[in-house]
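Raw final09.cif, mmCIF, C-alpha atoms and all ligand atoms:
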data_entry
#
loop_
_atom_site.label_atom_id
_atom_site.label_comp_id
_atom_site.auth_asym_id
_atom_site.auth_seq_id
_atom_site.Cartn_x
_atom_site.Cartn_y
_atom_site.Cartn_z
CA MET A 1 174.45 -56.21 -24.84
CA ILE A 2 171.08 -56.04 -26.63
CA LYS A 3 169.95 -59.19 -28.40
CA ILE A 4 167.72 -58.67 -31.44
CA GLY A 5 165.86 -61.62 -32.98
CA LEU A 6 164.40 -61.67 -36.48
CA ILE A 7 161.31 -63.81 -36.10
CA LYS A 8 159.88 -66.32 -38.53
CA GLU A 9 156.71 -64.95 -40.17
CA GLY A 10 153.67 -66.87 -38.99
CA LYS A 11 150.84 -65.19 -40.86
CA VAL A 12 149.02 -67.17 -43.53
CA PRO A 13 149.51 -66.70 -46.48
CA SER A 14 153.09 -66.30 -45.46
CA ASP A 15 155.09 -63.17 -46.15
CA SER A 16 158.63 -63.60 -47.40
CA ARG A 17 159.93 -60.13 -46.49
CA VAL A 18 162.38 -59.46 -43.64
CA ALA A 19 163.15 -56.38 -41.53
CA LEU A 20 166.93 -56.75 -42.01
CA ILE A 21 168.70 -58.59 -44.81
CA PRO A 22 171.88 -60.62 -44.10
CA ALA A 23 174.33 -57.89 -45.19
CA GLN A 24 172.54 -55.35 -42.98
CA CYS A 25 172.66 -57.68 -39.96
CA LYS A 26 176.39 -58.09 -40.53
CA TRP A 27 176.88 -54.33 -40.87
CA ILE A 28 175.00 -53.63 -37.64
CA MET A 29 177.00 -56.22 -35.69
CA GLN A 30 180.23 -54.67 -37.00
CA HIS A 31 179.23 -51.08 -36.22
CA PHE A 32 177.28 -51.50 -32.97
CA LYS A 33 179.40 -53.60 -30.66
CA ASP A 34 176.62 -53.89 -28.08
CA ILE A 35 174.11 -55.49 -30.48
CA ASN A 36 173.84 -59.19 -31.20
CA ILE A 37 171.42 -60.33 -33.92
CA VAL A 38 170.05 -63.83 -34.32
CA VAL A 39 167.59 -65.16 -36.88
CA GLU A 40 164.81 -67.63 -36.24
CA SER A 41 165.08 -70.43 -38.77
CA SER A 42 162.54 -70.15 -41.61
CA ASN A 43 162.11 -71.71 -45.02
CA THR A 44 159.75 -69.06 -46.36
CA ARG A 45 162.01 -65.97 -46.20
CA CYS A 46 163.30 -64.37 -49.37
CA PHE A 47 166.79 -64.78 -47.83
CA SER A 48 167.57 -68.34 -46.74
CA ASP A 49 168.95 -69.46 -43.38
CA GLU A 50 172.13 -70.31 -45.31
CA GLU A 51 172.52 -66.71 -46.52
CA TYR A 52 172.27 -65.41 -42.94
CA LYS A 53 174.79 -68.00 -41.76
CA ARG A 54 177.19 -66.98 -44.52
CA ALA A 55 176.94 -63.39 -43.25
CA GLY A 56 177.97 -64.64 -39.80
CA ILE A 57 174.49 -64.43 -38.25
CA ALA A 58 173.40 -67.25 -35.94
CA VAL A 59 170.26 -69.10 -37.07
CA VAL A 60 168.32 -70.46 -34.09
CA ASN A 61 165.08 -72.26 -33.30
CA ASP A 62 164.44 -70.52 -29.99
CA ILE A 63 164.36 -66.72 -29.86
CA SER A 64 162.95 -66.45 -26.34
CA ASP A 65 166.20 -65.07 -24.89
CA CYS A 66 166.15 -62.00 -27.21
CA ASP A 67 165.35 -58.52 -25.87
CA ILE A 68 163.80 -57.19 -29.09
CA LEU A 69 161.91 -59.25 -31.67
CA MET A 70 161.39 -57.93 -35.19
CA GLY A 71 158.95 -59.23 -37.78
CA ILE A 72 156.90 -57.85 -40.64
CA LYS A 73 153.26 -58.96 -40.42
CA GLU A 74 151.00 -59.75 -37.45
CA VAL A 75 152.51 -62.38 -35.11
CA PRO A 76 150.15 -65.30 -34.41
CA LYS A 77 148.84 -65.16 -30.82
CA ASP A 78 150.39 -68.49 -29.82
CA ALA A 79 153.82 -67.46 -31.06
CA LEU A 80 153.99 -64.29 -28.93
CA VAL A 81 156.65 -64.62 -26.22
CA PRO A 82 155.50 -62.91 -23.00
CA ASN A 83 157.25 -59.77 -21.69
CA LYS A 84 159.17 -59.07 -24.93
CA THR A 85 159.47 -55.95 -27.05
CA TYR A 86 158.10 -56.54 -30.55
CA LEU A 87 158.34 -54.47 -33.72
CA PHE A 88 155.97 -55.36 -36.57
CA PHE A 89 153.00 -54.02 -38.55
CA SER A 90 150.23 -54.82 -36.07
CA HIS A 91 147.36 -53.17 -38.02
CA THR A 92 145.70 -52.15 -34.77
CA ARG A 93 146.10 -48.34 -34.78
CA LYS A 94 142.81 -47.91 -36.68
CA LYS A 95 141.06 -50.35 -34.29
CA GLN A 96 140.99 -53.02 -36.98
CA PRO A 97 138.42 -55.54 -35.67
CA TYR A 98 140.24 -58.54 -37.14
CA ASN A 99 143.27 -57.85 -34.90
CA GLN A 100 141.50 -57.03 -31.64
CA ALA A 101 142.01 -60.54 -30.22
CA LEU A 102 145.73 -60.30 -31.05
CA PHE A 103 145.84 -56.92 -29.30
CA HIS A 104 144.23 -58.37 -26.17
CA THR A 105 146.70 -61.27 -26.16
CA MET A 106 149.60 -58.83 -26.39
CA MET A 107 148.18 -56.99 -23.38
CA ASP A 108 147.74 -60.23 -21.43
CA LYS A 109 151.29 -61.31 -22.27
CA LYS A 110 152.64 -57.92 -21.09
CA ILE A 111 154.22 -57.22 -24.44
CA THR A 112 155.76 -53.92 -25.52
CA LEU A 113 154.53 -53.21 -29.04
CA ILE A 114 156.29 -50.75 -31.31
CA ASP A 115 154.45 -50.49 -34.61
CA TYR A 116 156.50 -49.57 -37.72
CA GLU A 117 153.49 -47.75 -39.12
CA CYS A 118 153.48 -45.38 -36.12
CA LEU A 119 157.12 -44.33 -36.48
CA GLU A 120 156.75 -40.72 -37.59
CA HIS A 121 158.86 -37.62 -37.88
CA GLU A 122 157.78 -34.67 -35.70
CA ASP A 123 155.56 -33.34 -38.50
CA GLY A 124 153.66 -36.61 -38.84
CA GLN A 125 155.45 -37.95 -41.95
CA ARG A 126 155.95 -41.72 -41.81
CA VAL A 127 159.57 -42.75 -41.28
CA ILE A 128 159.55 -46.28 -42.58
CA GLY A 129 157.48 -48.34 -44.98
CA PHE A 130 157.36 -50.50 -48.07
CA GLY A 131 155.54 -47.91 -50.15
CA PHE A 132 158.25 -47.32 -52.75
CA PHE A 133 158.22 -50.92 -53.99
CA ALA A 134 154.43 -51.05 -53.77
CA GLY A 135 154.49 -48.12 -56.20
CA VAL A 136 157.00 -49.85 -58.47
CA VAL A 137 155.07 -53.12 -58.62
CA GLY A 138 151.67 -51.40 -58.84
CA ALA A 139 152.79 -49.20 -61.73
CA HIS A 140 154.26 -52.17 -63.57
CA ASN A 141 151.06 -54.16 -63.09
CA GLY A 142 148.96 -51.24 -64.32
CA MET A 143 151.03 -51.00 -67.49
CA MET A 144 151.00 -54.79 -67.92
CA CYS A 145 147.20 -54.92 -67.70
CA TYR A 146 146.72 -52.09 -70.18
CA GLY A 147 149.01 -54.02 -72.56
CA ASN A 148 146.91 -57.15 -72.04
CA ARG A 149 143.67 -55.22 -72.62
CA THR A 150 144.79 -53.49 -75.80
CA GLY A 151 147.17 -56.14 -77.16
CA LEU A 152 149.55 -53.33 -78.12
CA TYR A 153 152.55 -54.57 -76.09
CA LYS A 154 153.33 -57.30 -73.58
CA LEU A 155 154.90 -57.12 -70.14
CA GLY A 156 155.65 -60.13 -67.91
CA ARG A 157 155.07 -60.61 -64.20
CA VAL A 158 157.29 -58.87 -61.65
CA TYR A 159 157.57 -61.87 -59.33
CA GLU A 160 159.02 -63.98 -62.14
CA GLU A 161 162.04 -61.66 -62.27
CA LYS A 162 165.01 -62.35 -60.04
CA ASP A 163 165.08 -58.81 -58.69
CA TYR A 164 164.41 -55.16 -59.44
CA ARG A 165 167.48 -54.87 -61.65
CA SER A 166 166.30 -57.66 -63.95
CA LEU A 167 162.80 -56.17 -63.93
CA ILE A 168 164.19 -52.94 -65.37
CA HIS A 169 165.76 -54.95 -68.21
CA GLN A 170 162.23 -55.76 -69.39
CA TYR A 171 161.78 -52.07 -70.17
CA PHE A 172 164.62 -51.74 -72.66
CA GLY A 173 163.12 -51.71 -76.11
CA LEU A 174 159.56 -51.47 -74.78
CA LYS A 175 157.49 -49.53 -77.32
CA LEU A 176 154.44 -47.99 -75.71
CA PRO A 177 151.47 -46.45 -77.54
CA ASN A 178 150.46 -42.78 -77.04
CA VAL A 179 148.95 -43.61 -73.72
CA LYS A 180 147.91 -40.96 -71.16
CA ILE A 181 148.54 -41.88 -67.53
CA VAL A 182 147.37 -39.99 -64.47
CA VAL A 183 149.38 -40.62 -61.30
CA THR A 184 148.01 -39.51 -57.92
CA GLY A 185 149.88 -39.01 -54.64
CA SER A 186 153.10 -37.56 -53.28
CA GLY A 187 154.47 -40.11 -50.82
CA ARG A 188 156.58 -43.24 -51.13
CA VAL A 189 154.07 -45.06 -53.33
CA ALA A 190 153.96 -42.14 -55.76
CA HIS A 191 157.78 -42.09 -55.91
CA GLY A 192 157.77 -45.76 -56.87
CA ILE A 193 155.19 -45.13 -59.60
CA LEU A 194 157.21 -42.23 -61.02
CA GLU A 195 160.35 -44.38 -61.03
CA VAL A 196 158.62 -46.89 -63.35
CA MET A 197 157.14 -44.12 -65.51
CA ASN A 198 160.61 -42.69 -66.02
CA LEU A 199 162.29 -46.06 -66.55
CA MET A 200 159.71 -46.84 -69.23
CA GLY A 201 160.60 -43.57 -70.94
CA ILE A 202 157.18 -41.99 -70.43
CA THR A 203 157.28 -38.17 -70.54
CA GLU A 204 156.02 -36.10 -67.63
CA VAL A 205 153.75 -33.17 -68.52
CA GLU A 206 152.09 -30.44 -66.47
CA PRO A 207 148.40 -30.72 -65.48
CA ASP A 208 147.12 -27.93 -67.79
CA GLU A 209 148.96 -29.33 -70.82
CA TYR A 210 147.76 -32.83 -69.98
CA LEU A 211 144.14 -31.72 -69.87
CA GLU A 212 144.27 -29.66 -73.06
CA LYS A 213 146.57 -31.49 -75.46
CA LYS A 214 146.73 -34.70 -77.43
CA PHE A 215 150.23 -36.18 -77.57
CA THR A 216 152.00 -38.32 -80.14
CA TYR A 217 154.03 -40.10 -77.43
CA PRO A 218 153.19 -41.63 -74.01
CA VAL A 219 152.80 -39.11 -71.19
CA TYR A 220 152.02 -39.01 -67.49
CA VAL A 221 150.94 -36.30 -65.07
CA GLN A 222 151.44 -36.39 -61.31
CA LEU A 223 148.58 -34.92 -59.26
CA LYS A 224 149.31 -33.93 -55.67
CA GLY A 225 147.02 -32.51 -52.96
CA PRO A 226 146.24 -29.08 -54.49
CA ASP A 227 145.66 -30.64 -57.95
CA LEU A 228 143.26 -33.19 -56.48
CA PHE A 229 141.25 -31.40 -53.81
CA THR A 230 139.77 -27.95 -53.31
CA HIS A 231 137.82 -26.37 -50.47
CA LYS A 232 134.09 -26.60 -51.22
CA HIS A 233 133.47 -22.89 -50.63
CA LEU A 234 136.82 -21.09 -50.50
CA LYS A 235 138.16 -22.92 -53.60
CA THR A 236 141.59 -23.15 -51.96
CA TYR A 237 143.87 -25.92 -50.74
CA GLN A 238 145.86 -25.58 -47.56
CA ARG A 239 147.66 -28.77 -46.58
CA GLU A 240 147.27 -28.65 -42.78
CA HIS A 241 143.68 -27.50 -43.07
CA PHE A 242 142.91 -30.30 -45.52
CA HIS A 243 144.48 -32.95 -43.26
CA ALA A 244 142.42 -31.67 -40.32
CA ASN A 245 139.15 -31.06 -42.21
CA PRO A 246 139.09 -33.36 -45.25
CA SER A 247 135.31 -33.41 -45.48
CA ASP A 248 135.30 -29.64 -46.23
CA TYR A 249 136.94 -30.44 -49.56
CA ARG A 250 135.78 -31.84 -52.88
CA SER A 251 137.66 -33.72 -55.59
CA ARG A 252 138.99 -31.97 -58.71
CA PHE A 253 139.87 -35.25 -60.42
CA LEU A 254 137.03 -35.72 -62.91
CA PRO A 255 138.50 -33.76 -65.87
CA TYR A 256 141.50 -36.14 -65.74
CA ALA A 257 139.18 -39.16 -65.86
CA HIS A 258 137.82 -37.76 -69.13
CA CYS A 259 141.17 -37.76 -70.91
CA SER A 260 143.24 -40.58 -69.33
CA ASP A 261 143.71 -44.21 -70.34
CA ILE A 262 145.30 -45.39 -67.10
CA LEU A 263 145.04 -44.27 -63.47
CA MET A 264 147.81 -45.14 -61.03
CA ASN A 265 146.39 -44.31 -57.59
CA GLY A 266 148.97 -43.70 -54.82
CA ILE A 267 147.26 -41.22 -52.50
CA PHE A 268 146.88 -41.53 -48.76
CA TRP A 269 143.15 -41.84 -48.09
CA THR A 270 140.79 -42.01 -45.09
CA GLU A 271 136.99 -42.45 -44.93
CA ASP A 272 136.36 -38.74 -44.36
CA MET A 273 138.27 -37.69 -47.49
CA PRO A 274 136.48 -37.18 -50.82
CA ARG A 275 136.79 -40.04 -53.32
CA LEU A 276 138.65 -39.25 -56.54
CA PHE A 277 135.35 -39.78 -58.38
CA GLU A 278 131.90 -41.23 -57.69
CA LEU A 279 130.12 -44.18 -59.34
CA SER A 280 127.77 -41.70 -61.02
CA ASP A 281 130.79 -40.14 -62.79
CA ILE A 282 131.32 -43.33 -64.79
CA ASP A 283 129.53 -42.40 -67.99
CA GLU A 284 130.41 -42.22 -71.70
CA HIS A 285 132.96 -39.44 -70.96
CA PHE A 286 134.87 -41.54 -68.44
CA ALA A 287 137.88 -42.59 -70.53
CA ILE A 288 139.98 -44.55 -68.01
CA GLN A 289 140.22 -48.22 -68.90
CA THR A 290 142.77 -49.47 -66.37
CA ILE A 291 143.09 -48.53 -62.69
CA SER A 292 145.99 -49.71 -60.59
CA ASP A 293 144.69 -48.87 -57.12
CA ILE A 294 147.89 -49.10 -55.10
CA THR A 295 146.30 -47.16 -52.23
CA ASP A 296 143.90 -50.12 -52.17
CA ASP A 297 140.98 -49.33 -49.89
CA ALA A 298 137.90 -51.35 -50.86
CA HIS A 299 135.13 -48.90 -51.91
CA GLY A 300 137.54 -46.12 -50.93
CA SER A 301 139.19 -43.39 -53.00
CA ILE A 302 138.37 -45.59 -56.02
CA PRO A 303 134.69 -46.51 -55.60
CA ILE A 304 135.00 -49.44 -58.02
CA ASN A 305 137.68 -51.13 -55.93
CA LEU A 306 135.46 -54.10 -55.04
CA GLY A 307 138.05 -55.75 -52.80
CA ASP A 308 141.42 -57.41 -52.94
CA GLN A 309 142.84 -59.83 -55.43
CA THR A 310 146.05 -61.82 -55.00
CA ILE A 311 149.52 -61.48 -56.48
CA GLU A 312 148.80 -64.57 -58.62
CA ASP A 313 145.51 -63.21 -59.94
CA PRO A 314 145.71 -59.42 -59.50
CA VAL A 315 143.09 -57.99 -61.88
CA TYR A 316 139.33 -57.99 -62.35
CA GLY A 317 136.92 -56.03 -64.49
CA VAL A 318 134.11 -53.82 -63.20
CA ASP A 319 131.05 -53.45 -65.38
CA ARG A 320 130.59 -49.79 -66.38
CA LYS A 321 126.78 -49.97 -66.05
CA ASN A 322 126.04 -52.05 -62.95
CA PHE A 323 129.48 -51.97 -61.22
CA THR A 324 129.63 -55.73 -60.69
CA LYS A 325 132.80 -57.78 -60.95
CA THR A 326 133.53 -59.25 -64.39
CA ALA A 327 136.41 -61.03 -66.07
CA PRO A 328 139.21 -58.62 -66.94
CA TYR A 329 139.70 -56.97 -70.36
CA LEU A 330 136.02 -56.91 -71.44
CA PRO A 331 134.94 -53.95 -73.64
CA GLY A 332 132.18 -52.84 -71.23
CA SER A 333 134.37 -53.03 -68.11
CA ILE A 334 137.10 -51.06 -66.44
CA ASP A 335 140.04 -53.13 -65.20
CA VAL A 336 140.99 -52.75 -61.54
CA ILE A 337 144.19 -54.06 -59.99
CA ALA A 338 143.81 -54.23 -56.21
CA VAL A 339 146.45 -56.15 -54.25
CA GLY A 340 147.35 -55.46 -50.62
CA ASN A 341 150.83 -56.97 -50.50
CA LEU A 342 152.40 -55.66 -53.70
CA PRO A 343 155.97 -55.38 -52.31
CA ASN A 344 155.94 -59.16 -51.94
CA GLU A 345 156.47 -59.40 -55.70
CA LEU A 346 159.97 -57.98 -55.10
CA PRO A 347 160.63 -59.19 -51.55
CA CYS A 348 164.44 -58.99 -51.52
CA ASP A 349 164.61 -55.42 -52.86
CA ALA A 350 161.72 -54.29 -50.67
CA SER A 351 163.41 -55.80 -47.60
CA ARG A 352 166.74 -54.14 -48.38
CA TYR A 353 164.99 -50.76 -48.75
CA PHE A 354 163.05 -51.27 -45.50
CA GLY A 355 166.17 -52.33 -43.58
CA GLU A 356 168.10 -49.28 -44.79
CA GLN A 357 165.43 -46.96 -43.40
CA LEU A 358 165.30 -48.97 -40.18
CA ILE A 359 169.05 -48.64 -39.66
CA LYS A 360 169.19 -44.96 -40.63
CA HIS A 361 166.17 -43.59 -38.80
CA VAL A 362 165.12 -46.02 -36.09
CA LEU A 363 168.06 -48.05 -34.77
CA PRO A 364 169.81 -45.20 -32.84
CA ASP A 365 166.51 -44.36 -31.15
CA LEU A 366 165.79 -47.98 -30.37
CA LEU A 367 169.14 -48.16 -28.59
CA GLY A 368 168.20 -45.18 -26.47
CA SER A 369 170.07 -42.35 -28.15
CA GLY A 370 168.17 -39.83 -30.24
CA ASN A 371 164.72 -38.29 -29.99
CA ASP A 372 161.49 -39.83 -28.76
CA MET A 373 160.27 -41.25 -32.09
CA VAL A 374 160.24 -44.82 -30.81
CA GLU A 375 158.43 -43.73 -27.67
CA ARG A 376 155.70 -42.14 -29.82
CA ALA A 377 155.34 -45.37 -31.83
CA THR A 378 155.00 -47.55 -28.73
CA ILE A 379 151.36 -48.60 -28.55
CA LEU A 380 151.74 -50.97 -25.60
CA LYS A 381 154.35 -50.82 -22.85
CA GLN A 382 154.53 -54.08 -20.90
CA GLY A 383 150.93 -54.73 -21.89
CA GLN A 384 149.63 -51.27 -20.94
CA LEU A 385 148.26 -48.78 -23.43
CA THR A 386 150.58 -45.75 -23.62
CA ASN A 387 149.35 -42.14 -23.40
CA HIS A 388 149.84 -41.54 -27.13
CA PHE A 389 147.35 -44.31 -27.88
CA ASN A 390 144.72 -43.54 -25.25
CA TYR A 391 142.16 -43.28 -28.04
CA LEU A 392 142.39 -47.08 -28.34
CA ALA A 393 140.95 -47.55 -24.81
CA ASP A 394 137.63 -49.02 -26.02
CA TYR A 395 139.48 -51.32 -28.44
CA ALA A 396 141.81 -52.44 -25.63
CA ALA A 397 139.01 -53.07 -23.11
CA HIS A 398 138.28 -56.78 -22.47
N1 LIG B 401 148.87 -52.05 -52.01
C1 LIG B 401 149.96 -52.15 -51.28
O1 LIG B 401 150.62 -53.18 -51.26
C2 LIG B 401 150.43 -50.96 -50.48
C3 LIG B 401 151.72 -50.96 -49.95
C4 LIG B 401 152.16 -49.83 -49.27
C5 LIG B 401 151.28 -48.75 -49.09
N2 LIG B 401 150.02 -48.81 -49.57
C6 LIG B 401 149.07 -47.69 -49.37
O2 LIG B 401 149.39 -46.62 -50.23
C7 LIG B 401 149.01 -45.38 -49.62
C8 LIG B 401 150.14 -44.38 -49.71
O3 LIG B 401 151.25 -44.89 -49.00
P1 LIG B 401 152.68 -44.15 -48.96
O4 LIG B 401 153.68 -45.18 -48.56
O5 LIG B 401 152.89 -43.38 -50.21
O6 LIG B 401 152.48 -43.14 -47.76
P2 LIG B 401 153.51 -42.01 -47.29
O7 LIG B 401 153.38 -41.97 -45.81
O8 LIG B 401 154.85 -42.17 -47.90
O9 LIG B 401 152.87 -40.72 -47.94
C9 LIG B 401 151.59 -40.33 -47.63
C10 LIG B 401 151.33 -38.96 -48.21
O10 LIG B 401 150.06 -38.58 -47.70
C11 LIG B 401 150.17 -37.36 -47.01
N3 LIG B 401 149.40 -37.43 -45.75
C12 LIG B 401 149.85 -37.83 -44.55
N4 LIG B 401 148.88 -37.72 -43.63
C13 LIG B 401 147.79 -37.26 -44.26
C14 LIG B 401 146.47 -36.96 -43.86
N5 LIG B 401 146.06 -37.09 -42.59
N6 LIG B 401 145.61 -36.53 -44.78
C15 LIG B 401 146.01 -36.40 -46.06
N7 LIG B 401 147.24 -36.67 -46.51
C16 LIG B 401 148.13 -37.09 -45.62
C17 LIG B 401 151.60 -37.17 -46.68
O11 LIG B 401 151.88 -35.78 -46.71
C18 LIG B 401 152.33 -37.91 -47.77
O12 LIG B 401 152.61 -37.06 -48.86
C19 LIG B 401 148.60 -45.73 -48.19
O13 LIG B 401 147.19 -45.75 -48.14
C20 LIG B 401 149.14 -47.11 -47.98
O14 LIG B 401 148.35 -47.87 -47.08
C21 LIG B 401 149.58 -49.88 -50.28
#
Can you present the structure in this file as C-alpha cells?
Ligand SMILES: NC(=O)c1ccc[n+]([C@@H]2O[C@H](COP(=O)([O-])OP(=O)(O)OC[C@H]3O[C@@H](n4cnc5c(N)ncnc54)[C@H](O)[C@@H]3O)[C@@H](O)[C@H]2O)c1
Amino acid sequence: MIKIGLIKEGKVPSDSRVALIPAQCKWIMQHFKDINIVVESSNTRCFSDEEYKRAGIAVVNDISDCDILMGIKEVPKDALVPNKTYLFFSHTRKKQPYNQALFHTMMDKKITLIDYECLEHEDGQRVIGFGFFAGVVGAHNGMMCYGNRTGLYKLGRVYEEKDYRSLIHQYFGLKLPNVKIVVTGSGRVAHGILEVMNLMGITEVEPDEYLEKKFTYPVYVQLKGPDLFTHKHLKTYQREHFHANPSDYRSRFLPYAHCSDILMNGIFWTEDMPRLFELSDIDEHFAIQTISDITDDAHGSIPINLGDQTIEDPVYGVDRKNFTKTAPYLPGSIDVIAVGNLPNELPCDASRYFGEQLIKHVLPDLLGSGNDMVERATILKQGQLTNHFNYLADYAAH
C-alpha cells in the first residue's frame, strides 16, 4: 500500500490550488487498490476539508506517515518531513538563488524531490503544468485592460466568477471593436489564449493578411517559432537548431508591433533568446497599447516588463519615452499586465486540469510501472543530487 498525502500549502502569499481535487482522489482510490490518499487539513484550499471528506478522503493533521507528499508551491523549510518523497514546483532547476536555502535543507533532510516542472516526454516537451489556465486568465486580463483603456467595452475580473463556465458567460453578447491582437507561442499558455480568443468570437487570420489588411471586425494572429525568429545569416528557422543556439537568431516581431493594438505573449523564453522587440523599437510606429505578458520574465522577452504585479492589482503603465512605471491607461504609456500566478484566479478549474494530467501521465510511473519519466524528474534522491541534475552541483554545495 502506498500512502499519498496532499500537503497544506505553506508559502506566503498562500496558493489555493491543489494537485488532486476531491473527485480525482476518490477516482484514484477506486481504481488503484494499493493507493491510499489523505489530505492535510487546510482552510486556504479552493476545495474545503469538507469537500474532501464528502468524497471519502480522510482529512488529517499529521501527514508524517505518508510515503509520497504532494503540494504545489515551495514547501517551507520547517514543514519538510525528513526522508520523504515530495512532488512540488521547487523552482530550483535554474539555480534560483531565493530557493537555495530550501534546496540545502532538502538535502540535509534526505528528501527525494520530484519536480513537476521537470516531468518531460522523451523529446523534452513538458508533461504537466498550469499553462492553459494561465493563458485563459492572461488573455481575459489583456482584453479587460484594453476595454478599460479605450472605454469601448467592459469586462469584469476573473476571480470574481465562480468558475470557468461562469466566466465564459461574460462573453455572450460582448461587442468588441475592430481590434487587432497578436498572440505569441505554441504551448499550453498559447492554447489558453486561443481558447479565449475563440470564445470571444475573434477571427483568426494568417500572418501575411494580418500585416497587410485593415479589418472591419476583431482579429487575432498566432505567431509560432518560425514566424517569430529567423537565423541571423541563413534567414531560416529550424526548431532543434533554434533551441540549441537561440543567440544565432533574431526577432521578426517588429512589423506586428506596428499594426497591433494588443499583444498576448505566451512564448517560452530564456536569457539567450532574442527579445520580441527592444526598447529602441518603441517609437511613433509602435502601435501596441496593451501587453499581457503571460510568459512574465522581468526585462525578458518583453523589455518593458518592469516586474510583477498582483492578482488584485495586475496592470501598470510604462512611459513610452523614458520607460518608467506610470499609472495604467495614460495616453503616453503602454499598459503591461505581469502576474506570476495567473491560474490562481481560477484555482478550482486549474487544479482539475492539473490533476487530470497528473493521473494520466504521471501516476502509473510514480507507482513503478511505465517509463523512466519520474526518474528523469527526480532532482534529489534521499538528499543526493541525481545524475540528471549534476549541473546543479555548485548550487547544491554547502
Ligand atoms: N504568468 C503565469 O502565471 C504563468 C503560468 C504558467 C506558465 N507561465 C510561463 O509561460 C511560458 C510558456 O509556458 P507553457 O506552459 O506554454 O509552456 P509549454 O511547455 O506548454 O510550451 C513551451 C513551448 O516552448 C517550446 N520550447 C520548449 N523548450 C524550448 C527551448 N529550449 N527553446 C525554445 N522553445 C522551447 C516548446 O516546443 C513549446 O511549444 C513559460 O515561460 C512559463 O513559465 C506563466
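Residue nearest A:Asp293, chosen from A:Glu271, A:Glu161, A:Asp313, A:Asp335 and counting only C-alpha atoms: A:Asp335.
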Give as number ranges by chain the residues surrounding ligand LIG 401 (chain B) up to a distance of 7 Å, considering only C-alpha atoms and all ligand atoms.
A: 124-126, 129-132, 134, 185-190, 242-244, 266-269, 294-296, 338-343
7 Å contact set for stretch 90-106 of chain A, all atoms listed in the file, chain neighbours under 5 positions out, as a count of residues only:
9
Separation of atom CA of A:Asn43 and atom CA of A:Ser16, in Å?
9.1 Å
For each of A:Ile2, A:Leu385, A:Ile168, A:Leu176, take the minimum atom-to-atom distance to A:Lys154, counting only C-alpha atoms, then give the residue where this is smallest.
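Under the stated criterion, the closest residue is A:Leu176.
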Could you state the separation of atom CA of A:Glu51 and atom CA of A:Val127 in Å, given to one decimal place?
27.7 Å
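Coordinates place atom CA of A:Asn141 at a distance of 16.5 Å from atom CA of A:Ala327.
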Which polymer residues have any atom within 7 Å of an atom of A:Ile202, counting all atoms listed in the file, with same-chain residues fewer than 2 positions away left out, as an NGL selection string?
:A and (197-198 or 200 or 204 or 218-220)
Convert the current residue selection to file output with C-alpha atoms, as an mmCIF file, in the frame of the given file.
data_model
loop_
_atom_site.group_PDB
_atom_site.id
_atom_site.type_symbol
_atom_site.label_atom_id
_atom_site.label_comp_id
_atom_site.auth_asym_id
_atom_site.auth_seq_id
_atom_site.Cartn_x
_atom_site.Cartn_y
_atom_site.Cartn_z
ATOM 1 C CA MET A 197 157.140 -44.120 -65.510
ATOM 2 C CA ASN A 198 160.610 -42.690 -66.020
ATOM 3 C CA MET A 200 159.710 -46.840 -69.230
ATOM 4 C CA GLU A 204 156.020 -36.100 -67.630
ATOM 5 C CA PRO A 218 153.190 -41.630 -74.010
ATOM 6 C CA VAL A 219 152.800 -39.110 -71.190
ATOM 7 C CA TYR A 220 152.020 -39.010 -67.490
#
From the set A:Ile311, A:Leu254, A:Ile291, A:Ile337, which residue has the shortest atom-to-atom contact distance to A:Arg275, counting all atoms listed in the file?
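Ranking A:Ile311, A:Leu254, A:Ile291, A:Ile337 by distance to A:Arg275, first place goes to A:Leu254.
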Nearest candidate to A:Asp372 (options A:Leu223, A:Leu119, A:Ile181, A:Met144; using all atoms listed in the file):
A:Leu119
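Shortest separation to A:Lys224 among A:Val196, A:Leu276, A:Val75, A:Leu306 occurs at residue A:Leu276, atoms counted being all atoms listed in the file.
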Pick from A:Asp297, A:Asp227, A:Glu278, A:Glu375, whichever lies nearest to A:Leu113 using all atoms listed in the file
A:Glu375
Spatial neighbours of A:Met29, 12 Å, all atoms listed in the file, chain gap at least 2 places, as a ChimeraX atom specification
/A:1-4,20,22-27,31-38,55-58,359
Name the residues in contact with A:Thr378 at a cut-off of 10 Å, using only C-alpha atoms, excluding same-chain residues fewer than 5 positions from it; report them as a PyMOL selection string.
chain A and resi 85-87+112-116+118-119+373+385-389
Stretch 283-287 of chain A: which residues within 7 Å, counting all atoms listed in the file, same-chain residues fewer than 4 positions away excluded, as a ChimeraX atom specification?
/A:257-261
As a PDB file, keeping the file's coordinate frame, please: stretch 215-222 of chain A completed to N, CA and C atoms.
ATOM      1  N   PHE A 215     148.790 -36.003 -77.411  1.00  0.00           N
ATOM      2  CA  PHE A 215     150.230 -36.180 -77.570  1.00  0.00           C
ATOM      3  C   PHE A 215     150.502 -37.327 -78.546  1.00  0.00           C
ATOM      4  N   THR A 216     151.651 -37.248 -79.195  1.00  0.00           N
ATOM      5  CA  THR A 216     152.000 -38.320 -80.140  1.00  0.00           C
ATOM      6  C   THR A 216     153.000 -39.282 -79.498  1.00  0.00           C
ATOM      7  N   TYR A 217     153.133 -39.219 -78.197  1.00  0.00           N
ATOM      8  CA  TYR A 217     154.030 -40.100 -77.430  1.00  0.00           C
ATOM      9  C   TYR A 217     153.381 -40.323 -76.059  1.00  0.00           C
ATOM     10  N   PRO A 218     153.818 -41.365 -75.316  1.00  0.00           N
ATOM     11  CA  PRO A 218     153.190 -41.630 -74.010  1.00  0.00           C
ATOM     12  C   PRO A 218     153.562 -40.567 -72.975  1.00  0.00           C
ATOM     13  N   VAL A 219     152.564 -40.147 -72.204  1.00  0.00           N
ATOM     14  CA  VAL A 219     152.800 -39.110 -71.190  1.00  0.00           C
ATOM     15  C   VAL A 219     152.160 -39.508 -69.861  1.00  0.00           C
ATOM     16  N   TYR A 220     152.698 -38.892 -68.786  1.00  0.00           N
ATOM     17  CA  TYR A 220     152.020 -39.010 -67.490  1.00  0.00           C
ATOM     18  C   TYR A 220     151.988 -37.655 -66.808  1.00  0.00           C
ATOM     19  N   VAL A 221     151.015 -37.501 -65.910  1.00  0.00           N
ATOM     20  CA  VAL A 221     150.940 -36.300 -65.070  1.00  0.00           C
ATOM     21  C   VAL A 221     150.864 -36.783 -63.633  1.00  0.00           C
ATOM     22  N   GLN A 222     151.538 -36.059 -62.733  1.00  0.00           N
ATOM     23  CA  GLN A 222     151.440 -36.390 -61.310  1.00  0.00           C
ATOM     24  C   GLN A 222     150.550 -35.358 -60.615  1.00  0.00           C
TER      25      GLN A 222
END
